[in-house]
Structure formats: C-alpha cells, structure tokens
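Next comes query.txt, a file with compact mmCIF, C-alpha atoms.
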```
# COMPACT_ATOMS: atom_id res chain seq x y z
CA MET A 180 181.07 -95.76 -124.92
CA THR A 181 179.72 -92.93 -122.79
CA GLN A 182 181.92 -90.37 -121.07
CA ASP A 183 183.84 -91.66 -118.07
CA PRO A 184 182.13 -90.99 -114.74
CA ASP A 185 183.78 -89.17 -111.87
CA VAL A 186 183.09 -92.09 -109.53
CA LEU A 187 182.63 -95.79 -110.26
CA VAL A 188 181.03 -97.91 -107.53
CA LEU A 189 181.53 -101.68 -107.32
CA GLY A 190 178.69 -103.76 -105.86
CA GLY A 191 174.90 -103.88 -105.95
CA GLY A 192 173.87 -104.44 -102.33
CA PRO A 193 172.81 -101.99 -99.61
CA ALA A 194 176.23 -100.34 -99.27
CA ALA A 195 176.60 -99.76 -103.02
CA LEU A 196 173.07 -98.41 -103.48
CA CYS A 197 173.42 -96.18 -100.45
CA ILE A 198 176.62 -94.46 -101.55
CA VAL A 199 175.50 -94.19 -105.19
CA SER A 200 172.26 -92.47 -104.17
CA GLU A 201 174.15 -90.05 -101.90
CA LEU A 202 176.69 -89.21 -104.62
CA VAL A 203 173.87 -88.49 -107.06
CA ARG A 204 172.19 -86.28 -104.47
CA HIS A 205 175.42 -84.27 -104.25
CA GLY A 206 175.62 -83.86 -108.02
CA VAL A 207 178.41 -86.36 -108.71
CA CYS A 208 178.52 -88.23 -112.03
CA VAL A 209 178.54 -91.89 -111.00
CA GLU A 210 178.20 -95.35 -112.52
CA GLY A 211 177.97 -98.80 -110.95
CA ILE A 212 179.24 -102.29 -111.70
CA ALA A 213 177.35 -105.14 -110.02
CA PRO A 214 177.54 -108.92 -110.62
CA GLU A 215 173.74 -109.25 -110.34
CA SER A 216 170.87 -106.96 -111.23
CA VAL A 217 170.53 -104.14 -108.69
CA HIS A 218 166.76 -104.81 -108.83
CA ALA A 219 167.14 -108.44 -107.66
CA PRO A 220 165.54 -109.03 -104.23
CA TRP A 221 167.90 -109.09 -101.25
CA PRO A 222 167.86 -112.42 -99.38
CA ASN A 223 168.68 -111.30 -95.83
CA THR A 224 166.67 -109.43 -93.22
CA TYR A 225 167.90 -106.13 -91.79
CA GLY A 226 166.90 -104.91 -88.35
CA ILE A 227 167.49 -101.55 -86.70
CA TRP A 228 166.53 -99.63 -83.58
CA ALA A 229 163.64 -97.41 -84.67
CA SER A 230 165.19 -94.29 -83.15
CA GLU A 231 168.05 -94.52 -85.68
CA LEU A 232 165.56 -94.09 -88.52
CA GLU A 233 163.47 -91.47 -86.75
CA CYS A 234 166.55 -89.23 -86.53
CA LEU A 235 166.79 -89.47 -90.33
CA GLY A 236 163.06 -89.26 -91.06
CA LEU A 237 163.11 -92.71 -92.65
CA GLN A 238 160.87 -94.69 -90.29
CA HIS A 239 158.47 -95.29 -93.19
CA LEU A 240 161.00 -97.83 -94.53
CA LEU A 241 160.10 -100.29 -91.76
CA ALA A 242 157.92 -103.30 -92.52
CA HIS A 243 157.47 -104.14 -88.82
CA ARG A 244 157.97 -102.30 -85.57
CA TRP A 245 157.85 -103.65 -82.01
CA SER A 246 157.55 -101.84 -78.70
CA ASP A 247 157.63 -105.08 -76.67
CA THR A 248 161.39 -105.67 -76.98
CA VAL A 249 163.12 -108.04 -74.57
CA SER A 250 166.10 -110.31 -73.95
CA TYR A 251 166.67 -113.32 -71.69
CA PHE A 252 169.95 -113.88 -69.89
CA GLY A 253 168.90 -116.51 -67.33
CA GLU A 254 169.46 -120.24 -67.54
CA GLY A 255 165.88 -121.10 -68.43
CA GLY A 256 163.91 -124.03 -67.13
CA GLY A 257 161.73 -121.90 -64.88
CA THR A 258 164.55 -120.64 -62.65
CA ASP A 259 164.31 -117.29 -60.89
CA ARG A 260 166.77 -115.95 -63.49
CA ASP A 261 164.38 -116.85 -66.31
CA ARG A 262 162.76 -113.40 -66.34
CA ALA A 263 162.81 -111.13 -69.38
CA THR A 264 165.03 -108.05 -69.51
CA LEU A 265 162.80 -105.27 -70.85
CA HIS A 266 164.54 -102.90 -73.26
CA GLY A 267 161.89 -100.18 -73.43
CA ILE A 268 162.88 -99.02 -76.89
CA ASP A 269 161.29 -99.78 -80.28
CA TYR A 270 162.94 -102.12 -82.74
CA GLY A 271 162.15 -102.35 -86.44
CA LEU A 272 162.62 -104.64 -89.40
CA PHE A 273 163.29 -103.03 -92.74
CA ASP A 274 160.95 -103.50 -95.65
CA ARG A 275 163.81 -104.70 -97.87
CA ALA A 276 162.02 -103.85 -101.10
CA ALA A 277 161.16 -100.36 -99.84
CA LEU A 278 164.74 -99.69 -98.73
CA GLN A 279 166.10 -100.91 -102.06
CA ARG A 280 163.52 -98.83 -103.96
CA HIS A 281 164.32 -95.75 -101.84
CA TRP A 282 167.96 -95.83 -102.86
CA LEU A 283 167.31 -96.77 -106.51
CA GLU A 284 164.81 -93.93 -106.93
CA ASN A 285 167.32 -91.51 -105.43
CA ALA A 286 169.86 -92.79 -107.95
CA ALA A 287 167.56 -92.57 -110.97
CA GLY A 288 169.51 -92.20 -114.20
CA VAL A 289 172.64 -93.98 -112.99
CA SER A 290 174.10 -96.48 -115.48
CA TRP A 291 174.63 -99.93 -113.99
CA HIS A 292 176.81 -102.50 -115.73
CA GLN A 293 175.89 -106.06 -114.78
CA ASP A 294 179.35 -107.55 -114.73
CA ALA A 295 182.06 -108.83 -112.37
CA ALA A 296 185.02 -106.57 -111.59
CA GLU A 297 188.12 -108.77 -111.87
CA ARG A 298 190.95 -106.25 -111.65
CA VAL A 299 191.29 -102.67 -110.46
CA ASP A 300 194.30 -100.71 -111.75
CA PRO A 301 194.87 -97.31 -110.13
CA GLY A 302 196.58 -94.74 -112.35
CA LEU A 303 197.91 -91.24 -111.80
CA ASP A 304 194.68 -89.48 -112.78
CA HIS A 305 192.16 -92.28 -113.24
CA THR A 306 191.54 -95.81 -112.04
CA THR A 307 190.61 -98.55 -114.52
CA VAL A 308 188.29 -101.44 -113.69
CA HIS A 309 188.63 -104.57 -115.84
CA CYS A 310 185.53 -106.77 -115.93
CA ARG A 311 185.03 -110.45 -116.69
CA SER A 312 183.15 -109.65 -119.90
CA GLY A 313 186.06 -107.60 -121.25
CA LEU A 314 184.42 -104.30 -120.32
CA GLN A 315 186.83 -101.62 -119.10
CA ARG A 316 185.64 -98.48 -117.32
CA GLN A 317 187.65 -95.59 -115.97
CA ALA A 318 186.81 -93.11 -113.25
CA ARG A 319 188.62 -90.52 -111.22
CA LEU A 320 187.68 -92.50 -108.12
CA VAL A 321 186.62 -96.11 -107.59
CA ILE A 322 184.61 -97.03 -104.48
CA ASP A 323 184.48 -100.72 -103.65
CA ALA A 324 181.16 -101.46 -101.92
CA SER A 325 181.06 -105.12 -102.92
CA GLY A 326 181.37 -106.60 -99.43
CA SER A 327 183.93 -107.78 -96.91
CA ARG A 328 185.32 -110.54 -99.15
CA THR A 329 186.47 -108.15 -101.87
CA PRO A 330 189.94 -108.84 -103.31
CA HIS A 331 190.39 -105.20 -104.33
CA ILE A 332 190.90 -103.62 -100.90
CA ARG A 333 194.15 -104.00 -98.95
CA ARG A 334 194.05 -104.45 -95.20
CA PRO A 335 196.55 -105.68 -92.59
CA ASP A 336 196.58 -109.31 -91.54
CA HIS A 337 195.79 -109.51 -87.83
CA GLY A 338 195.12 -113.23 -87.84
CA PRO A 339 191.84 -115.15 -88.22
CA VAL A 340 188.74 -113.01 -88.71
CA ALA A 341 185.86 -113.81 -86.37
CA GLY A 342 182.51 -114.33 -88.03
CA GLN A 343 179.00 -113.87 -86.70
CA ALA A 344 176.96 -116.76 -88.05
CA ALA A 345 173.20 -117.29 -87.96
CA TYR A 346 170.62 -119.73 -89.23
CA GLY A 347 167.00 -118.60 -89.31
CA VAL A 348 163.53 -119.66 -90.41
CA VAL A 349 160.58 -117.52 -91.37
CA GLY A 350 157.57 -119.76 -91.02
CA ARG A 351 154.54 -121.04 -89.19
CA PHE A 352 154.68 -123.14 -86.05
CA SER A 353 152.51 -125.56 -84.10
CA SER A 354 152.41 -122.96 -81.31
CA ASP A 355 153.90 -119.51 -80.84
CA PRO A 356 157.71 -119.80 -80.44
CA ILE A 357 157.76 -116.44 -78.63
CA ALA A 358 155.06 -114.27 -77.08
CA PRO A 359 152.72 -112.69 -79.66
CA GLY A 360 153.64 -109.14 -80.66
CA ARG A 361 157.12 -109.46 -79.19
CA PHE A 362 160.66 -108.94 -80.45
CA VAL A 363 163.46 -110.90 -78.76
CA LEU A 364 166.91 -109.41 -79.25
CA MET A 365 168.83 -112.13 -77.39
CA ASP A 366 167.55 -115.27 -75.70
CA PHE A 367 170.55 -116.91 -74.06
CA ARG A 368 168.53 -119.46 -72.07
CA SER A 369 170.37 -122.75 -72.32
CA ASP A 370 168.07 -125.33 -70.70
CA HIS A 371 167.78 -127.09 -74.08
CA LEU A 372 171.52 -127.82 -74.27
CA THR A 373 173.44 -130.86 -73.10
CA ASP A 374 176.23 -130.50 -70.51
CA LEU A 375 178.79 -130.85 -73.29
CA GLN A 376 177.12 -128.16 -75.42
CA ARG A 377 177.21 -125.76 -72.46
CA THR A 378 181.02 -125.87 -72.59
CA GLU A 379 181.00 -124.92 -76.29
CA PRO A 380 180.72 -121.40 -77.74
CA PRO A 381 177.32 -119.98 -76.73
CA THR A 382 174.57 -119.10 -79.19
CA PHE A 383 171.31 -117.22 -78.69
CA LEU A 384 167.87 -116.88 -80.25
CA TYR A 385 166.95 -113.72 -82.18
CA ALA A 386 163.21 -113.79 -82.90
CA MET A 387 160.18 -111.73 -83.84
CA ASP A 388 156.45 -112.01 -84.42
CA LEU A 389 155.79 -110.95 -88.03
CA GLY A 390 152.01 -111.14 -87.67
CA ASP A 391 149.35 -113.35 -89.23
CA GLY A 392 150.77 -116.41 -87.47
CA VAL A 393 154.23 -115.99 -89.02
CA PHE A 394 157.39 -115.79 -86.91
CA PHE A 395 161.09 -115.38 -87.63
CA VAL A 396 163.40 -117.41 -85.36
CA GLU A 397 167.16 -117.34 -85.80
CA GLU A 398 169.93 -119.07 -83.85
CA THR A 399 172.91 -116.74 -83.73
CA SER A 400 176.49 -116.69 -82.48
CA LEU A 401 178.23 -113.47 -81.49
CA ALA A 402 181.64 -114.05 -83.06
CA LEU A 403 184.07 -116.91 -83.42
CA ALA A 404 187.09 -117.79 -85.54
CA PRO A 405 186.30 -120.03 -87.29
CA ALA A 406 182.60 -119.24 -87.22
CA VAL A 407 180.01 -121.56 -85.69
CA PRO A 408 179.00 -124.08 -88.40
CA ASP A 409 175.52 -123.86 -89.93
CA ALA A 410 174.78 -127.46 -88.89
CA VAL A 411 175.39 -126.58 -85.24
CA LEU A 412 173.12 -123.54 -85.43
CA GLN A 413 170.36 -125.59 -87.07
CA GLN A 414 170.70 -128.32 -84.45
CA ARG A 415 170.54 -125.84 -81.57
CA LEU A 416 167.52 -124.04 -83.00
CA GLN A 417 165.73 -127.37 -83.33
CA GLN A 418 166.66 -128.33 -79.76
CA ARG A 419 165.43 -124.96 -78.50
CA LEU A 420 162.07 -125.38 -80.22
CA ASP A 421 161.78 -129.03 -79.11
CA ARG A 422 162.37 -128.03 -75.51
CA ARG A 423 159.39 -125.70 -75.71
CA GLY A 424 157.20 -128.19 -77.55
CA VAL A 425 157.14 -126.14 -80.75
CA ARG A 426 157.24 -127.67 -84.24
CA ILE A 427 157.88 -125.92 -87.54
CA THR A 428 154.81 -126.56 -89.69
CA GLU A 429 155.72 -124.43 -92.71
CA VAL A 430 159.06 -122.98 -93.85
CA ILE A 431 158.50 -119.79 -95.82
CA HIS A 432 162.14 -118.74 -95.98
CA GLU A 433 165.48 -120.01 -94.67
CA GLU A 434 168.27 -117.57 -93.88
CA PHE A 435 171.99 -118.29 -93.61
CA CYS A 436 174.17 -115.38 -92.48
CA LEU A 437 177.90 -115.03 -92.02
CA PHE A 438 179.75 -111.73 -91.75
CA PRO A 439 183.02 -110.57 -90.17
CA MET A 440 182.95 -108.87 -86.79
CA ASN A 441 186.60 -107.94 -86.28
CA LEU A 442 187.79 -107.27 -89.81
CA PRO A 443 190.82 -104.93 -89.62
CA LEU A 444 190.38 -101.43 -90.96
CA PRO A 445 191.60 -101.11 -94.56
CA ASP A 446 194.89 -99.52 -95.52
CA ARG A 447 193.68 -95.93 -95.71
CA THR A 448 196.52 -94.82 -97.99
CA GLN A 449 195.42 -96.96 -100.93
CA PRO A 450 194.05 -95.23 -104.05
CA VAL A 451 190.80 -97.24 -104.08
CA LEU A 452 188.14 -96.20 -101.55
CA ALA A 453 185.76 -98.62 -99.83
CA PHE A 454 182.32 -98.38 -98.25
CA GLY A 455 180.20 -100.80 -96.24
CA GLY A 456 181.57 -104.23 -95.40
CA ALA A 457 184.60 -103.65 -97.63
CA ALA A 458 185.44 -100.66 -95.42
CA SER A 459 185.00 -102.66 -92.16
CA MET A 460 181.86 -100.72 -91.26
CA VAL A 461 180.15 -103.70 -89.56
CA HIS A 462 179.76 -102.75 -85.88
CA PRO A 463 182.21 -105.00 -83.97
CA ALA A 464 179.91 -105.12 -80.94
CA SER A 465 176.52 -105.63 -82.56
CA GLY A 466 177.11 -106.87 -86.12
CA TYR A 467 174.82 -104.16 -87.53
CA MET A 468 175.72 -101.91 -90.47
CA VAL A 469 172.69 -100.38 -92.24
CA GLY A 470 172.34 -97.59 -89.65
CA ALA A 471 176.02 -96.72 -90.19
CA LEU A 472 175.49 -96.65 -93.97
CA LEU A 473 172.60 -94.22 -93.61
CA ARG A 474 174.48 -91.96 -91.18
CA ARG A 475 177.92 -91.97 -92.76
CA GLY A 476 177.04 -92.12 -96.47
CA PRO A 477 176.01 -88.44 -96.70
CA ASP A 478 179.25 -87.18 -95.13
CA LEU A 479 181.37 -89.34 -97.41
CA ALA A 480 179.46 -88.26 -100.53
CA ARG A 481 179.68 -84.60 -99.49
CA GLY A 482 183.44 -84.88 -98.96
CA ILE A 483 183.94 -86.47 -102.38
CA ALA A 484 181.72 -83.91 -104.12
CA GLU A 485 183.59 -81.04 -102.51
CA ALA A 486 186.96 -82.50 -103.48
CA LEU A 487 185.83 -82.96 -107.08
CA SER A 488 184.54 -79.40 -107.37
CA GLU A 489 187.31 -77.62 -105.47
CA ARG A 490 190.21 -79.45 -107.08
CA PRO A 491 189.22 -80.59 -110.60
CA GLY A 492 192.74 -81.90 -111.21
CA LEU A 493 192.87 -84.28 -108.26
CA GLY A 494 193.80 -87.81 -109.28
CA SER A 495 192.64 -91.13 -107.87
CA ALA A 496 195.09 -91.32 -104.96
CA ALA A 497 194.33 -87.81 -103.71
CA LEU A 498 190.56 -88.28 -104.05
CA ALA A 499 190.72 -91.61 -102.24
CA ARG A 500 192.74 -89.99 -99.46
CA ARG A 501 190.03 -87.34 -99.01
CA GLY A 502 187.43 -90.08 -99.00
CA TRP A 503 189.24 -92.18 -96.40
CA GLN A 504 189.58 -89.13 -94.14
CA ALA A 505 185.86 -88.42 -94.41
CA LEU A 506 184.87 -92.05 -93.82
CA TRP A 507 187.32 -92.90 -91.04
CA PRO A 508 188.25 -89.77 -89.08
CA THR A 509 190.43 -90.29 -86.01
CA GLU A 510 187.41 -90.27 -83.68
CA LEU A 511 185.77 -93.22 -85.46
CA VAL A 512 189.04 -95.12 -85.76
CA LEU A 513 189.58 -94.91 -81.99
CA ARG A 514 185.99 -95.99 -81.30
CA HIS A 515 186.44 -98.94 -83.65
CA GLN A 516 189.57 -99.99 -81.78
CA LEU A 517 187.74 -99.87 -78.45
CA TYR A 518 184.91 -102.01 -79.81
CA GLN A 519 187.34 -104.54 -81.25
CA PHE A 520 189.18 -104.79 -77.94
CA GLY A 521 185.89 -105.51 -76.18
CA LEU A 522 184.88 -108.10 -78.77
CA GLY A 523 188.19 -109.88 -78.33
CA ARG A 524 187.44 -110.29 -74.64
CA LEU A 525 183.84 -111.48 -75.14
CA MET A 526 184.89 -114.11 -77.68
CA GLY A 527 186.59 -116.05 -74.90
CA PHE A 528 183.64 -116.06 -72.48
CA GLN A 529 181.74 -119.23 -71.69
CA ASP A 530 177.94 -119.28 -71.61
CA SER A 531 177.48 -118.30 -67.95
CA LEU A 532 179.98 -115.44 -68.04
CA LEU A 533 178.58 -114.08 -71.29
CA ARG A 534 175.06 -114.06 -69.84
CA ARG A 535 176.34 -112.18 -66.78
CA HIS A 536 178.00 -109.65 -69.07
CA PHE A 537 174.88 -108.87 -71.07
CA GLU A 538 172.72 -108.79 -67.96
CA THR A 539 175.06 -106.12 -66.56
CA PHE A 540 175.32 -104.28 -69.88
CA PHE A 541 171.55 -103.86 -70.27
CA SER A 542 171.29 -102.59 -66.69
CA LEU A 543 173.06 -99.43 -67.88
CA PRO A 544 170.89 -96.39 -68.63
CA GLN A 545 169.05 -96.88 -71.91
CA GLU A 546 170.72 -93.97 -73.71
CA GLU A 547 174.11 -95.48 -72.85
CA TRP A 548 173.58 -99.07 -73.98
CA SER A 549 171.65 -98.00 -77.07
CA GLY A 550 174.32 -95.44 -77.99
CA PHE A 551 176.95 -98.13 -77.53
CA LEU A 552 175.13 -100.55 -79.84
CA THR A 553 174.53 -97.92 -82.53
CA ASN A 554 178.02 -96.37 -82.32
CA THR A 555 176.56 -92.92 -81.82
CA LEU A 556 178.32 -92.03 -78.56
CA PRO A 557 181.20 -89.52 -78.85
CA LEU A 558 184.54 -91.04 -77.86
CA PRO A 559 184.73 -89.52 -74.33
CA ARG A 560 181.17 -90.70 -73.59
CA LEU A 561 181.90 -94.16 -75.00
CA MET A 562 184.93 -94.48 -72.74
CA ALA A 563 182.87 -93.34 -69.75
CA VAL A 564 180.18 -95.94 -70.52
CA MET A 565 182.77 -98.70 -70.77
CA LEU A 566 184.23 -97.65 -67.41
CA ARG A 567 180.76 -97.59 -65.87
CA LEU A 568 180.10 -101.10 -67.21
CA PHE A 569 183.38 -102.29 -65.70
CA ALA A 570 182.53 -100.75 -62.34
CA LYS A 571 179.10 -102.42 -62.29
CA SER A 572 180.49 -105.84 -63.25
CA PRO A 573 181.11 -108.60 -60.68
CA TRP A 574 184.72 -109.55 -59.99
CA GLU A 575 184.80 -112.61 -62.28
CA LEU A 576 183.53 -110.51 -65.16
CA ARG A 577 186.02 -107.71 -64.46
CA ARG A 578 188.82 -110.25 -64.56
CA GLY A 579 187.66 -111.52 -67.94
CA LEU A 580 187.32 -108.00 -69.35
CA VAL A 581 190.87 -107.12 -68.32
CA LEU A 582 192.74 -110.38 -68.80
CA GLY A 583 190.44 -112.43 -71.03
CA ALA A 584 188.98 -115.78 -70.11
CA PRO A 585 191.35 -118.35 -68.53
CA ALA A 586 192.55 -120.93 -71.03
CA ASP A 587 190.76 -123.74 -69.21
CA GLN A 588 187.47 -121.82 -69.39
CA ALA A 589 187.57 -120.67 -73.02
CA PRO A 590 184.78 -122.29 -75.07
CA VAL A 591 185.84 -124.81 -77.69
CA PHE A 592 183.65 -126.89 -79.99
CA ALA A 593 183.77 -130.59 -79.38
CA GLN A 594 184.37 -132.79 -82.42
CA SER A 595 180.90 -134.30 -82.07
CA SER A 596 179.23 -130.93 -82.69
CA GLY A 597 180.45 -130.46 -86.24
```
What would the structure in this file look like if it were written as structure tokens?
Amino acid sequence: MTQDPDVLVLGGGPAALCIVSELVRHGVCVEGIAPESVHAPWPNTYGIWASELECLGLQHLLAHRWSDTVSYFGEGGGTDRDRATLHGIDYGLFDRAALQRHWLENAAGVSWHQDAAERVDPGLDHTTVHCRSGLQRQARLVIDASGSRTPHIRRPDHGPVAGQAAYGVVGRFSSDPIAPGRFVLMDFRSDHLTDLQRTEPPTFLYAMDLGDGVFFVEETSLALAPAVPDAVLQQRLQQRLDRRGVRITEVIHEEFCLFPMNLPLPDRTQPVLAFGGAASMVHPASGYMVGALLRRGPDLARGIAEALSERPGLGSAALARRGWQALWPTELVLRHQLYQFGLGRLMGFQDSLLRRHFETFFSLPQEEWSGFLTNTLPLPRLMAVMLRLFAKSPWELRRGLVLGAPADQAPVFAQSSG
C-alpha cells in the first residue's frame, strides 16, 4: 500500500472534486474515496449568476448564458400583476462536463479509491477510514464531502429538516413554454391551480431556453418539512403547461432534486472536517452551493496547507479545528443564522404572501438582492439589506416576517394532493 496521505477526502461529486483540486494546488498530499467513478457524468444541472464566475475568471465553464432574466410574481391569467420582473443581470448554466474536467485536471495524479466509506475512526494522530471492501486508509485529516446525508458528521438535532424539491424536464415542446432566449428564475403565477391547491405550499417554475428548440422546465418548491412530493411537482408542472396549451413532445432528460435548506451547522469541535452539503454550505435562502464551493474552497485548502506545514505534529483533532475555523468563521456563522431565521418565516407563507415578499425583495437595488442571494454581503451590509426589505414591505408581510404566518394561514398539503 502506498504511503498514507495527509488528507483523505470522502465523496466524488462537486464538493469533493473542488476541495481535492484546491488541496493539490496548495501542495497537499491527498487521496479520495468515492462510491462511484469520479469520471461518471453528474445527473443534475447547476446554475449560477454569471458575475460569480467572472470574479473568479471561470466564465468559460458555462454552457449557456442569458441576459434576458426575469421572474413572475403576479397571479397570472392576464391580470395587471402578470408582468415580468426584469432582473438585469446575466445568469448561466454550468457545462457539467467542463466543470468536472476542470477540477479533475487540477487534481491530476490524485489516487481515487472507488469504494464506500462505512466507518470513520478518529485517532490521536491519524484518522482511519474503513471501507465496505475491507480497504482501510489513514490520513492526518479526513474531509467528508459526500453530501448532506453523510452518517460521519455530527450535527445538532433542531427538528425536521426542510427540503427544497424539484422535478424538471429537458425536452422539446409543441410550442415554446417560455419566451425564446429567456431565463425564468421564478414563475409564481398560479392561474393553473385549483382553489384547494392555492391553499397548499406554493411552487414555482424555473425554466430556460437551451437553444435548438430545447427547453428546461422545472417545478420547484422553496422549502418544506417534509418536502413537497415528486408526484405533486409533476402534476403541477403538467397543469402549468396545459394551462398554456403546451405539450411535451420529447423528453431528453428528467431531473429529480431534493436537498436540505435549513440543515444545522455541524459540530465544529469534531475531529472530522466537512465540506459542501455535509458542511451545511447550501445557501438557506437560495438553495445554491457551487458558487460557495468555488469561493470558500481556496481559503479552506490554504488554511489546511498552512497548518500542515507550520505544525507537522498536529493530529486529526487539531487539524480539523483549524479547518472548521477557516470554513466557518464567526462572520459566516452569523450570516447563516440570519438566513435560516428568514427561511423559517418564509416556510409558513401562503402563495399570495410569498409572491408579495419576492416582489418586494427584487425591488431592492440589484447589488443588494444579488449579494443576498450569493451570500457575498458582509454581515453589517446584510443586516442593513434585511432592514431595508422590512421597511419596504407592506404591513401584512412585516407581520409575517416578525411573527410568522398565523396558524390558520399556514399552507398545508391536502390528503388528495399526495
């Protein structure tokens, strides 16, 4: 068996490849353990505001980019509140293969073990990972980047975890489901729903024109515990298309998504470090994570590399502590808490109140709402933006933001919807 690495990374998705490539760039000896081949295609789509990539010089990793970016927060049906909210900022869709290749090329030479990590045993100096095949590997530090469902990371129990669920179709249609050349971030129009469905948790359309007559349409829920069932999302997407006289003529790809929005932060004293979904890095307000991986991976890798070189005798617990401090400094912890508080309030809003909220939110200056959604605002600015949003909100919305939705107005799924 080869010499033990300094760092062993668990997982083979975007988070794992990101942190492995950054560790290699900082001269750290690293290996990976992934249940599937790290070259296997990723099934889900990943979107991002183009400015996030431009700041990093990585805009070439986009497969598509739209300048015509809009949302709809009216009721639909041709009402005067059926107009589009123009965002005025470019949105992009990652070329998944290019992003995967970018990280793999940066991590050239790394040994990947295709195996399942079943047990992680921290020791005084090293941590041992026991795999299903019988393989055992040791490292001075183990980073779990295997996703939010990992059993190897401890976190407090704050009750049910709210999930953002989505069902989408990449395909061809009898007529354009959205305007050609357009990206729709949120279409909350509800004229396709029954009166009963309007009392249930709201969902919205996320859609984009992929060119050559191909569109991606996805029915999405913000967050709910338990999450909105796939069958409900499929039904609502079909109703939405039917209302507009649009039929699916060819299904190229179906997408089912479910990820946690309010996962508690991990216990940051534990001797195993986490990254990505395992580290609760999903943005509680937007559900996005890839931008955070790209921004925060370099700082984490640099902190680990410095700890390894400055203190060669540091054991697993001390290295993990340095890593947790680099990944979740006090500033980011406080921002995360603010976002989770806001999410908790929005989860109780009915359709009409939620539409009013987003209509008000996107009336903020662009640099404020975009900074909020990308988690790039410093804490004092974030607090100021939240106060400005509160001040601009109508009384009913202010009440909901402070006290939460009244019990008789909170959305609940009817039995017939499941």
(message) So that I can check the surroundings of Thr307 (chain A), please list as a list in words every protein, DNA and RNA residue that reaches within 10 Å of it, counting all atoms listed in the file and ignoring chain neighbours fewer than 6 positions away.
(response) Leu187, Arg298, Val299, Asp300, Pro301, Gln315, Arg316, Gln317, Ala318, Arg319, Leu320 and Val321 of chain A
(message) With all atoms listed in the file as the counted atoms, please give the residues lying no more than 10 Å from Ser353 (chain A), apart from itself and same-chain residues fewer than 2 positions off, as a PyMOL selection string.
(response) chain A and resi 351+355-356+392+424-429
(request) Mind giving me the straight-line distance from CA of Ala287 (chain A) to CA of Leu202 (chain A) in Å, one decimal? (result)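 Going from CA of Ala287 (chain A) over to CA of Leu202 (chain A) covers 11.6 Å.
Compared by their closest atoms to Ala277 (chain A), and using only C-alpha atoms, the residues A:Trp291, A:Tyr225, A:Phe541, A:Phe252 rank with A:Tyr225 nearest.
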(request) Identify which of the residues A:Gly267, A:Gly456, A:Gly347, A:Gly190 lies closest to Phe435 (chain A), counting all atoms listed in the file when measuring atom-to-atom distances. (result) A:Gly347
(request) Write out as a ChimeraX atom specification the residues lying within 7 Å of region 363-372 of chain A, counting only C-alpha atoms and excluding same-chain residues fewer than 5 positions away. (result) /A:248-256,377,382-387,418-419,422,534
(request) For each of A:Ile431, A:Arg328, A:Gln293, A:Gly360, take the minimum atom-to-atom distance to Trp245 (chain A), counting all atoms listed in the file, then give the residue where this is smallest. (result)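 For Trp245 (chain A), the nearest of the candidates is A:Gly360.
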(request) Take CA of Ala286 (chain A) and CA of Val199 (chain A) and report the distance between them in Å, one decimal. (result)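 One can read the CA of Ala286 (chain A) to CA of Val199 (chain A) distance as 6.4 Å.
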Step by step, gather every atom of region 559-568 of chain A that the file lists, find the box along x, y and z that holds them, add 3 Å on each side, and finally give centre and edge lengths in Å to one decimal, as lines of an AutoDock Vina configuration file.
```
center_x = 182.5
center_y = -95.3
center_z = -70.4
size_x = 10.8
size_y = 17.6
size_z = 15.1
```
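The coordinates place CA of Ala496 (chain A) at 23.5 Å from CA of Arg204 (chain A).
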(request) Kindly indicate which residue among A:Leu442, A:Thr553, A:Arg514, A:Gln182 lies nearest to Ser327 (chain A), using all atoms listed in the file for the distances. (result)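 For Ser327 (chain A), the nearest of the candidates is A:Leu442.
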(message) Give me, as a list of chain:residue names, all polymer residues having an atom no more than 12 Å from Gln414 (chain A), counting all atoms listed in the file and skipping those fewer than 2 positions away in the same chain.
(response) A:Ala345, A:Tyr346, A:Gly347, A:His371, A:Leu372, A:Thr373, A:Gln376, A:Thr382, A:Glu397, A:Glu398, A:Thr399, A:Val407, A:Pro408, A:Asp409, A:Ala410, A:Val411, A:Leu412, A:Leu416, A:Gln417, A:Gln418, A:Arg419, A:Leu420, A:Asp421, A:Ser596, A:Gly597
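Candidate residues A:Ala570, A:Ala219, A:Leu558, A:Ala457 were compared for distance to Pro508 (chain A), and the nearest is A:Leu558, using all atoms listed in the file.
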(message) Considering all atoms listed in the file, can you say which of A:Phe569, A:Pro559, A:Trp507, A:Ala341 comes closest to Met460 (chain A)?
(response)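 Smallest separation from Met460 (chain A) among the options: A:Trp507.
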